[in-house]
Number of protein chains: 2
Amino acid sequence: MKFCATCGGAIEQRVPEGDDRRRFVCGDCGEIHYINPRVIVGCLPEHNGKILLCRRAIEPRHGYWTLPAGFMENGETTAEGAARETLEEAAATACNLRLYRLLDVPHISQVYVFYRCGIEEGRFGIGPESLETRLFDEADIPWDEIAFPTVTEVLTEFLDDRKQNVFPVRHSVISLPDKFRKH
Amino acid sequence: MKFCATCGGAIEQRVPEGDDRRRFVCGDCGEIHYINPRVIVGCLPEHNGKILLCRRAIEPRHGYWTLPAGFMENGETTAEGAARETLEEAAATACNLRLYRLLDVPHISQVYVFYRCGIEEGRFGIGPESLETRLFDEADIPWDEIAFPTVTEVLTEFLDDRKQNVFPVRHSVISLPDKFRKH
């Protein structure tokens, strides 16, 4: 961030009065431009015991499989956003949404919210951000080709929970793998 | 938003190619500046059966009572943010944090995440954003002076849940009161 979005003035980084961390502050009009974590909303759609996955047509992780999910938009709820992403990426109408998972990914300042859901009439297709979409039996899930650690974690837990038919809402943190940490 | 934060060019509002909603787009460099919902993280601190509330020293709702909560910062988890806010607003060290509530407030594009917690050694004080802080017995909670509907909802449910000593993680939507809706 170099310029103030409000007045076009030059941005400086400093700790504003009464604050305790560096912010982007306009040198001209004094406006503080906060940058906050972003919310990713998604669904874990299940139909006849199978799980709907989408193969990504976009970067990052082009060609890898994922659950339908994406950035939450202003003016929607987390459930509405999760259903919207399911429609956009898999042309499927999510139904019976139930909150399932909150995942923090602090090293990229993201919070994931996943809902379990059904698929209306079992219908799905291929949205513009997907190369293909498919209902997977547990035994066929392409574990080596899952796009993101968040998806692997949610899928793994869901399959475990399903054995007991109990689906507690859990919270966890996805950390940066050790090999990428700064020492 | 009037100016591009990257190049200082004039911002226009239009639907970018491949998108389906209006965004802030730079007329010069073409960068799309997304505006996303913000996450508010907070705690419901309990000590010896009493609940810690803070009386706000800042707007909005100056002088009203609230649970310690505030905007999540980049690089932290929701639980870390909730504990940070509890320290900042009530000088209390939150312990034993357990995810409790997700609340969507779509008309202001906010998502609230609340944790139940204890207070280390029962110690608390008054942070710079609070006029006073106090441990309330259920019977003494100042229901008419609660700052926000989210706080009223979380407190009400918590007191209900406590009777059964079962605290399911729930999700709900706080809507704009009818009288404020556009028709």
# chains A, B, ... in the order shown; residues from 1 in each chain; ligands from 1
$ residues_around --residues "stretch 74-90 of chain B" --least-positions-apart "6" --cutoff "9 Å" --atoms "only C-alpha atoms" --output "mmCIF file with N, CA, C and O atoms, in the first residue's frame"
data_model
loop_
_atom_site.group_PDB
_atom_site.id
_atom_site.type_symbol
_atom_site.label_atom_id
_atom_site.label_comp_id
_atom_site.auth_asym_id
_atom_site.auth_seq_id
_atom_site.Cartn_x
_atom_site.Cartn_y
_atom_site.Cartn_z
ATOM 1 N N ILE A 35 -5.596 -3.528 7.648
ATOM 2 C CA ILE A 35 -5.665 -4.741 6.839
ATOM 3 C C ILE A 35 -5.989 -5.880 7.783
ATOM 4 O O ILE A 35 -5.301 -6.098 8.776
ATOM 5 N N ASN A 36 -7.078 -6.577 7.494
ATOM 6 C CA ASN A 36 -7.589 -7.582 8.421
ATOM 7 C C ASN A 36 -7.623 -8.959 7.772
ATOM 8 O O ASN A 36 -7.600 -9.078 6.549
ATOM 9 N N PRO A 37 -7.706 -9.998 8.606
ATOM 10 C CA PRO A 37 -7.782 -11.362 8.069
ATOM 11 C C PRO A 37 -8.995 -11.541 7.162
ATOM 12 O O PRO A 37 -10.005 -10.841 7.319
ATOM 13 N N ARG A 38 -8.881 -12.491 6.259
ATOM 14 C CA ARG A 38 -10.005 -12.760 5.358
ATOM 15 C C ARG A 38 -10.649 -14.105 5.695
ATOM 16 O O ARG A 38 -9.996 -15.023 6.183
ATOM 17 N N LEU A 103 -11.321 -23.175 10.987
ATOM 18 C CA LEU A 103 -9.869 -23.400 10.914
ATOM 19 C C LEU A 103 -9.153 -22.059 10.803
ATOM 20 O O LEU A 103 -9.467 -21.248 9.918
ATOM 21 N N ASP A 104 -8.195 -21.862 11.685
ATOM 22 C CA ASP A 104 -7.340 -20.675 11.590
ATOM 23 C C ASP A 104 -6.078 -21.017 10.814
ATOM 24 O O ASP A 104 -5.460 -22.052 11.060
ATOM 25 N N VAL A 105 -5.726 -20.130 9.892
ATOM 26 C CA VAL A 105 -4.459 -20.284 9.169
ATOM 27 C C VAL A 105 -3.710 -18.959 9.319
ATOM 28 O O VAL A 105 -3.676 -18.132 8.401
ATOM 29 N N PRO A 106 -3.121 -18.757 10.514
ATOM 30 C CA PRO A 106 -2.623 -17.407 10.846
ATOM 31 C C PRO A 106 -1.459 -16.934 9.976
ATOM 32 O O PRO A 106 -1.315 -15.725 9.783
ATOM 33 N N HIS A 107 -0.647 -17.846 9.437
ATOM 34 C CA HIS A 107 0.521 -17.358 8.680
ATOM 35 C C HIS A 107 0.103 -16.721 7.359
ATOM 36 O O HIS A 107 0.903 -16.023 6.741
ATOM 37 N N ILE A 108 -1.136 -16.953 6.933
ATOM 38 C CA ILE A 108 -1.638 -16.226 5.763
ATOM 39 C C ILE A 108 -2.893 -15.393 6.133
ATOM 40 O O ILE A 108 -3.611 -14.930 5.248
ATOM 41 N N SER A 109 -3.099 -15.219 7.430
ATOM 42 C CA SER A 109 -4.209 -14.380 7.935
ATOM 43 C C SER A 109 -5.545 -14.758 7.315
ATOM 44 O O SER A 109 -6.261 -13.927 6.754
ATOM 45 N N GLN A 110 -5.863 -16.046 7.403
ATOM 46 C CA GLN A 110 -7.144 -16.525 6.895
ATOM 47 C C GLN A 110 -7.887 -17.336 7.968
ATOM 48 O O GLN A 110 -7.266 -18.006 8.787
ATOM 49 N N VAL A 111 -9.197 -17.236 7.918
ATOM 50 C CA VAL A 111 -10.070 -18.049 8.769
ATOM 51 C C VAL A 111 -11.013 -18.812 7.844
ATOM 52 O O VAL A 111 -11.690 -18.204 7.009
ATOM 53 N N VAL A 173 -6.008 -25.048 14.327
ATOM 54 C CA VAL A 173 -5.066 -24.125 13.695
ATOM 55 C C VAL A 173 -4.196 -24.909 12.723
ATOM 56 O O VAL A 173 -3.671 -25.965 13.070
ATOM 57 N N VAL B 39 -13.676 -9.911 10.773
ATOM 58 C CA VAL B 39 -13.909 -10.857 11.861
ATOM 59 C C VAL B 39 -13.731 -10.144 13.198
ATOM 60 O O VAL B 39 -12.722 -9.463 13.408
ATOM 61 N N ILE B 40 -14.709 -10.292 14.068
ATOM 62 C CA ILE B 40 -14.605 -9.793 15.439
ATOM 63 C C ILE B 40 -14.443 -11.003 16.359
ATOM 64 O O ILE B 40 -15.227 -11.957 16.282
ATOM 65 N N VAL B 41 -13.420 -10.984 17.169
ATOM 66 C CA VAL B 41 -13.142 -12.101 18.070
ATOM 67 C C VAL B 41 -13.327 -11.647 19.506
ATOM 68 O O VAL B 41 -12.980 -10.518 19.859
ATOM 69 N N GLY B 42 -13.887 -12.534 20.322
ATOM 70 C CA GLY B 42 -14.135 -12.140 21.700
ATOM 71 C C GLY B 42 -14.230 -13.320 22.639
ATOM 72 O O GLY B 42 -14.237 -14.480 22.211
ATOM 73 N N CYS B 43 -14.285 -13.008 23.926
ATOM 74 C CA CYS B 43 -14.382 -14.043 24.959
ATOM 75 C C CYS B 43 -15.624 -13.824 25.816
ATOM 76 O O CYS B 43 -16.107 -12.699 25.965
ATOM 77 N N PRO B 45 -15.785 -14.558 29.435
ATOM 78 C CA PRO B 45 -14.964 -15.003 30.568
ATOM 79 C C PRO B 45 -15.835 -15.267 31.797
ATOM 80 O O PRO B 45 -16.627 -14.416 32.190
ATOM 81 N N LEU B 52 -17.593 -11.835 33.270
ATOM 82 C CA LEU B 52 -16.858 -10.572 33.216
ATOM 83 C C LEU B 52 -17.360 -9.706 32.059
ATOM 84 O O LEU B 52 -17.298 -10.103 30.897
ATOM 85 N N LEU B 53 -17.858 -8.537 32.384
ATOM 86 C CA LEU B 53 -18.276 -7.578 31.352
ATOM 87 C C LEU B 53 -17.452 -6.294 31.480
ATOM 88 O O LEU B 53 -16.910 -5.990 32.548
ATOM 89 N N CYS B 54 -17.384 -5.577 30.351
ATOM 90 C CA CYS B 54 -16.623 -4.323 30.299
ATOM 91 C C CYS B 54 -17.584 -3.197 29.896
ATOM 92 O O CYS B 54 -18.369 -3.363 28.970
ATOM 93 N N ARG B 56 -17.991 0.181 28.026
ATOM 94 C CA ARG B 56 -17.212 0.773 26.941
ATOM 95 C C ARG B 56 -16.849 2.239 27.176
ATOM 96 O O ARG B 56 -17.723 3.062 27.464
ATOM 97 N N LEU B 67 -19.062 -7.833 26.192
ATOM 98 C CA LEU B 67 -18.014 -8.829 26.399
ATOM 99 C C LEU B 67 -16.747 -8.308 25.729
ATOM 100 O O LEU B 67 -16.808 -7.594 24.729
ATOM 101 N N PRO B 68 -15.576 -8.687 26.253
ATOM 102 C CA PRO B 68 -14.339 -8.238 25.604
ATOM 103 C C PRO B 68 -14.234 -8.817 24.194
ATOM 104 O O PRO B 68 -14.255 -10.032 24.012
ATOM 105 N N LEU B 97 -9.623 -21.625 26.735
ATOM 106 C CA LEU B 97 -10.540 -21.123 25.705
ATOM 107 C C LEU B 97 -11.194 -22.272 24.945
ATOM 108 O O LEU B 97 -10.524 -23.201 24.499
ATOM 109 N N ARG B 98 -12.508 -22.222 24.803
ATOM 110 C CA ARG B 98 -13.265 -23.217 24.033
ATOM 111 C C ARG B 98 -14.207 -22.494 23.077
ATOM 112 O O ARG B 98 -14.985 -21.647 23.528
ATOM 113 N N LEU B 99 -14.123 -22.845 21.809
ATOM 114 C CA LEU B 99 -14.987 -22.220 20.805
ATOM 115 C C LEU B 99 -16.445 -22.337 21.239
ATOM 116 O O LEU B 99 -16.884 -23.398 21.667
ATOM 117 N N VAL B 113 -16.730 -14.354 16.320
ATOM 118 C CA VAL B 113 -16.327 -15.650 16.860
ATOM 119 C C VAL B 113 -16.085 -15.471 18.357
ATOM 120 O O VAL B 113 -15.214 -14.683 18.757
ATOM 121 N N PHE B 114 -16.875 -16.173 19.186
ATOM 122 C CA PHE B 114 -16.734 -16.063 20.636
ATOM 123 C C PHE B 114 -16.215 -17.374 21.242
ATOM 124 O O PHE B 114 -16.643 -18.462 20.846
ATOM 125 N N TYR B 115 -15.326 -17.230 22.202
ATOM 126 C CA TYR B 115 -14.810 -18.354 22.988
ATOM 127 C C TYR B 115 -15.284 -18.220 24.430
ATOM 128 O O TYR B 115 -15.282 -17.109 24.975
ATOM 129 N N CYS B 117 -14.214 -18.872 28.235
ATOM 130 C CA CYS B 117 -12.897 -18.982 28.866
ATOM 131 C C CYS B 117 -12.991 -18.765 30.366
ATOM 132 O O CYS B 117 -14.018 -18.314 30.885
ATOM 133 N N PHE B 124 -8.439 -9.369 37.154
ATOM 134 C CA PHE B 124 -8.772 -8.510 36.019
ATOM 135 C C PHE B 124 -8.647 -7.054 36.445
ATOM 136 O O PHE B 124 -8.494 -6.743 37.631
ATOM 137 N N GLY B 125 -8.667 -6.165 35.439
ATOM 138 C CA GLY B 125 -8.532 -4.731 35.714
ATOM 139 C C GLY B 125 -9.308 -3.953 34.681
ATOM 140 O O GLY B 125 -10.299 -4.439 34.152
ATOM 141 N N ILE B 126 -8.858 -2.763 34.376
ATOM 142 C CA ILE B 126 -9.580 -1.898 33.436
ATOM 143 C C ILE B 126 -8.631 -1.474 32.322
ATOM 144 O O ILE B 126 -7.639 -0.790 32.568
ATOM 145 N N GLY B 127 -8.924 -1.903 31.097
ATOM 146 C CA GLY B 127 -8.109 -1.507 29.953
ATOM 147 C C GLY B 127 -8.486 -0.132 29.452
ATOM 148 O O GLY B 127 -9.511 0.437 29.879
ATOM 149 N N PRO B 128 -7.679 0.426 28.545
ATOM 150 C CA PRO B 128 -7.904 1.795 28.070
ATOM 151 C C PRO B 128 -9.229 2.004 27.338
ATOM 152 O O PRO B 128 -9.721 3.126 27.266
ATOM 153 N N GLU B 129 -9.825 0.932 26.828
ATOM 154 C CA GLU B 129 -11.091 1.089 26.101
ATOM 155 C C GLU B 129 -12.305 0.848 26.999
ATOM 156 O O GLU B 129 -13.432 0.797 26.524
ATOM 157 N N SER B 130 -12.052 0.671 28.297
ATOM 158 C CA SER B 130 -13.143 0.381 29.243
ATOM 159 C C SER B 130 -13.226 1.449 30.330
ATOM 160 O O SER B 130 -12.204 1.942 30.811
ATOM 161 N N GLU B 132 -15.139 0.720 33.133
ATOM 162 C CA GLU B 132 -15.032 -0.174 34.284
ATOM 163 C C GLU B 132 -15.228 -1.601 33.813
ATOM 164 O O GLU B 132 -15.690 -1.837 32.691
ATOM 165 N N THR B 133 -14.869 -2.539 34.621
ATOM 166 C CA THR B 133 -15.084 -3.958 34.334
ATOM 167 C C THR B 133 -15.587 -4.585 35.632
ATOM 168 O O THR B 133 -15.255 -4.117 36.719
ATOM 169 N N ARG B 134 -16.425 -5.622 35.475
ATOM 170 C CA ARG B 134 -17.017 -6.195 36.683
ATOM 171 C C ARG B 134 -17.440 -7.637 36.434
ATOM 172 O O ARG B 134 -17.865 -7.971 35.323
#
$ select_by_dssp --residues "chain A" --states "helix (DSSP H, G or I)" --output "number ranges by chain"
A: 78-90, 106-108, 120-122, 138-140, 143-145, 149-164, 178-180
$ residues_around --residues "B:Ile141" --least-positions-apart "2" --cutoff "10 Å" --atoms "only C-alpha atoms" --output "ChimeraX atom specification"
/B:50-53,65,135-139,143-146,155
$ closest_residue --among "A:Gly30, A:Val169, A:Arg162, A:Arg21" --to "chain B" --atoms "only C-alpha atoms"
A:Val169
$ closest_residue --among "A:Asp140, A:Asp28, A:His47, A:Arg101" --to "chain B" --atoms "only C-alpha atoms"
A:Arg101
$ select_by_dssp --residues "stretch 26-179 of chain B" --states "strand (DSSP E or B)" --output "JSON, numbers by chain"
{"B": [26, 32, 33, 38, 39, 40, 41, 42, 43, 44, 45, 46, 47, 50, 51, 52, 53, 54, 55, 56, 65, 66, 69, 70, 71, 94, 95, 96, 97, 98, 99, 100, 101, 102, 103, 104, 105, 110, 111, 112, 113, 114, 115, 116, 117, 118, 119, 130, 131, 132, 133, 134, 135, 136, 146, 170, 171, 172, 173]}
$ atom_distance --atom1 "atom CA of B:Cys4" --atom2 "atom CA of B:Glu17"
18.5 Å
$ decode --residues "stretch 12-106 of chain A" --atoms "C-alpha atoms" --output "PDB file, in the first residue's frame"
ATOM      1  CA  GLU A  12       3.589   5.746   5.728  1.00  0.00           C
ATOM      2  CA  GLN A  13       3.874   2.823   8.101  1.00  0.00           C
ATOM      3  CA  ARG A  14       3.827   3.782  11.756  1.00  0.00           C
ATOM      4  CA  VAL A  15       2.181   3.029  15.082  1.00  0.00           C
ATOM      5  CA  PRO A  16      -0.781   5.402  15.446  1.00  0.00           C
ATOM      6  CA  GLU A  17      -1.371   7.134  18.779  1.00  0.00           C
ATOM      7  CA  GLY A  18      -3.151   4.797  21.174  1.00  0.00           C
ATOM      8  CA  ASP A  19      -2.300   1.745  19.074  1.00  0.00           C
ATOM      9  CA  ASP A  20       0.433  -0.827  19.617  1.00  0.00           C
ATOM     10  CA  ARG A  21       1.211  -2.000  16.099  1.00  0.00           C
ATOM     11  CA  ARG A  22       2.340  -0.565  12.791  1.00  0.00           C
ATOM     12  CA  ARG A  23      -0.452   0.469  10.433  1.00  0.00           C
ATOM     13  CA  PHE A  24      -0.714   2.036   7.025  1.00  0.00           C
ATOM     14  CA  VAL A  25      -1.375   5.709   7.789  1.00  0.00           C
ATOM     15  CA  CYS A  26      -1.905   8.540   5.280  1.00  0.00           C
ATOM     16  CA  GLY A  27       0.717  11.282   5.712  1.00  0.00           C
ATOM     17  CA  ASP A  28      -1.732  13.837   4.341  1.00  0.00           C
ATOM     18  CA  CYS A  29      -5.218  13.165   5.726  1.00  0.00           C
ATOM     19  CA  GLY A  30      -4.155  10.897   8.607  1.00  0.00           C
ATOM     20  CA  GLU A  31      -6.564   8.077   7.755  1.00  0.00           C
ATOM     21  CA  ILE A  32      -5.531   4.679   9.103  1.00  0.00           C
ATOM     22  CA  HIS A  33      -5.969   1.852   6.579  1.00  0.00           C
ATOM     23  CA  TYR A  34      -6.394  -1.407   8.464  1.00  0.00           C
ATOM     24  CA  ILE A  35      -5.665  -4.741   6.839  1.00  0.00           C
ATOM     25  CA  ASN A  36      -7.589  -7.582   8.421  1.00  0.00           C
ATOM     26  CA  PRO A  37      -7.782 -11.362   8.069  1.00  0.00           C
ATOM     27  CA  ARG A  38     -10.005 -12.760   5.358  1.00  0.00           C
ATOM     28  CA  VAL A  39     -12.713 -15.382   5.729  1.00  0.00           C
ATOM     29  CA  ILE A  40     -12.916 -18.373   3.389  1.00  0.00           C
ATOM     30  CA  VAL A  41     -16.287 -20.112   3.386  1.00  0.00           C
ATOM     31  CA  GLY A  42     -16.931 -23.555   2.004  1.00  0.00           C
ATOM     32  CA  CYS A  43     -19.052 -26.687   1.993  1.00  0.00           C
ATOM     33  CA  LEU A  44     -18.482 -30.359   2.481  1.00  0.00           C
ATOM     34  CA  PRO A  45     -21.284 -31.646   0.216  1.00  0.00           C
ATOM     35  CA  GLU A  46     -22.367 -35.243   0.755  1.00  0.00           C
ATOM     36  CA  HIS A  47     -24.766 -37.221  -1.406  1.00  0.00           C
ATOM     37  CA  ASN A  48     -25.603 -40.900  -0.977  1.00  0.00           C
ATOM     38  CA  GLY A  49     -22.529 -41.279   1.216  1.00  0.00           C
ATOM     39  CA  LYS A  50     -20.223 -39.787  -1.397  1.00  0.00           C
ATOM     40  CA  ILE A  51     -18.350 -36.487  -1.144  1.00  0.00           C
ATOM     41  CA  LEU A  52     -18.343 -33.856  -3.855  1.00  0.00           C
ATOM     42  CA  LEU A  53     -14.899 -32.545  -4.793  1.00  0.00           C
ATOM     43  CA  CYS A  54     -13.835 -30.056  -7.460  1.00  0.00           C
ATOM     44  CA  ARG A  55     -10.614 -30.145  -9.475  1.00  0.00           C
ATOM     45  CA  ARG A  56      -9.244 -26.613  -9.619  1.00  0.00           C
ATOM     46  CA  ALA A  57      -9.070 -24.816 -12.959  1.00  0.00           C
ATOM     47  CA  ILE A  58      -7.283 -21.865 -11.338  1.00  0.00           C
ATOM     48  CA  GLU A  59      -4.100 -21.151  -9.448  1.00  0.00           C
ATOM     49  CA  PRO A  60      -3.002 -21.746  -6.797  1.00  0.00           C
ATOM     50  CA  ARG A  61      -2.987 -25.552  -6.962  1.00  0.00           C
ATOM     51  CA  HIS A  62      -4.329 -25.829 -10.496  1.00  0.00           C
ATOM     52  CA  GLY A  63      -5.370 -29.422 -11.210  1.00  0.00           C
ATOM     53  CA  TYR A  64      -5.673 -30.408  -7.530  1.00  0.00           C
ATOM     54  CA  TRP A  65      -8.890 -31.442  -5.800  1.00  0.00           C
ATOM     55  CA  THR A  66     -10.680 -29.314  -3.265  1.00  0.00           C
ATOM     56  CA  LEU A  67     -13.959 -28.756  -1.482  1.00  0.00           C
ATOM     57  CA  PRO A  68     -15.999 -25.889  -2.913  1.00  0.00           C
ATOM     58  CA  ALA A  69     -14.828 -22.796  -1.007  1.00  0.00           C
ATOM     59  CA  GLY A  70     -13.741 -19.227  -1.556  1.00  0.00           C
ATOM     60  CA  PHE A  71     -13.541 -15.724  -0.147  1.00  0.00           C
ATOM     61  CA  MET A  72     -16.604 -14.561   1.726  1.00  0.00           C
ATOM     62  CA  GLU A  73     -18.248 -11.491   0.171  1.00  0.00           C
ATOM     63  CA  ASN A  74     -19.626  -8.413   1.909  1.00  0.00           C
ATOM     64  CA  GLY A  75     -23.321  -8.551   2.774  1.00  0.00           C
ATOM     65  CA  GLU A  76     -23.648 -12.334   2.961  1.00  0.00           C
ATOM     66  CA  THR A  77     -23.607 -14.786   5.854  1.00  0.00           C
ATOM     67  CA  THR A  78     -20.974 -17.519   6.133  1.00  0.00           C
ATOM     68  CA  ALA A  79     -23.623 -20.108   5.177  1.00  0.00           C
ATOM     69  CA  GLU A  80     -24.792 -18.052   2.198  1.00  0.00           C
ATOM     70  CA  GLY A  81     -21.197 -17.676   1.051  1.00  0.00           C
ATOM     71  CA  ALA A  82     -20.531 -21.391   1.409  1.00  0.00           C
ATOM     72  CA  ALA A  83     -23.652 -22.175  -0.646  1.00  0.00           C
ATOM     73  CA  ARG A  84     -22.689 -19.568  -3.250  1.00  0.00           C
ATOM     74  CA  GLU A  85     -19.240 -21.124  -3.683  1.00  0.00           C
ATOM     75  CA  THR A  86     -20.802 -24.561  -4.056  1.00  0.00           C
ATOM     76  CA  LEU A  87     -23.055 -23.223  -6.785  1.00  0.00           C
ATOM     77  CA  GLU A  88     -20.229 -21.377  -8.517  1.00  0.00           C
ATOM     78  CA  GLU A  89     -17.664 -24.154  -8.450  1.00  0.00           C
ATOM     79  CA  ALA A  90     -19.810 -27.258  -8.729  1.00  0.00           C
ATOM     80  CA  ALA A  91     -23.142 -25.972 -10.087  1.00  0.00           C
ATOM     81  CA  ALA A  92     -24.752 -27.660  -7.093  1.00  0.00           C
ATOM     82  CA  THR A  93     -27.441 -26.264  -4.792  1.00  0.00           C
ATOM     83  CA  ALA A  94     -26.332 -26.880  -1.218  1.00  0.00           C
ATOM     84  CA  CYS A  95     -29.093 -27.854   1.208  1.00  0.00           C
ATOM     85  CA  ASN A  96     -29.342 -28.589   4.930  1.00  0.00           C
ATOM     86  CA  LEU A  97     -26.195 -26.636   5.806  1.00  0.00           C
ATOM     87  CA  ARG A  98     -24.793 -27.339   9.271  1.00  0.00           C
ATOM     88  CA  LEU A  99     -21.754 -25.558  10.708  1.00  0.00           C
ATOM     89  CA  TYR A 100     -18.885 -28.046  10.926  1.00  0.00           C
ATOM     90  CA  ARG A 101     -15.419 -26.508  11.141  1.00  0.00           C
ATOM     91  CA  LEU A 102     -13.513 -23.366  11.981  1.00  0.00           C
ATOM     92  CA  LEU A 103      -9.869 -23.400  10.914  1.00  0.00           C
ATOM     93  CA  ASP A 104      -7.340 -20.675  11.590  1.00  0.00           C
ATOM     94  CA  VAL A 105      -4.459 -20.284   9.169  1.00  0.00           C
ATOM     95  CA  PRO A 106      -2.623 -17.407  10.846  1.00  0.00           C
TER      96      PRO A 106
END
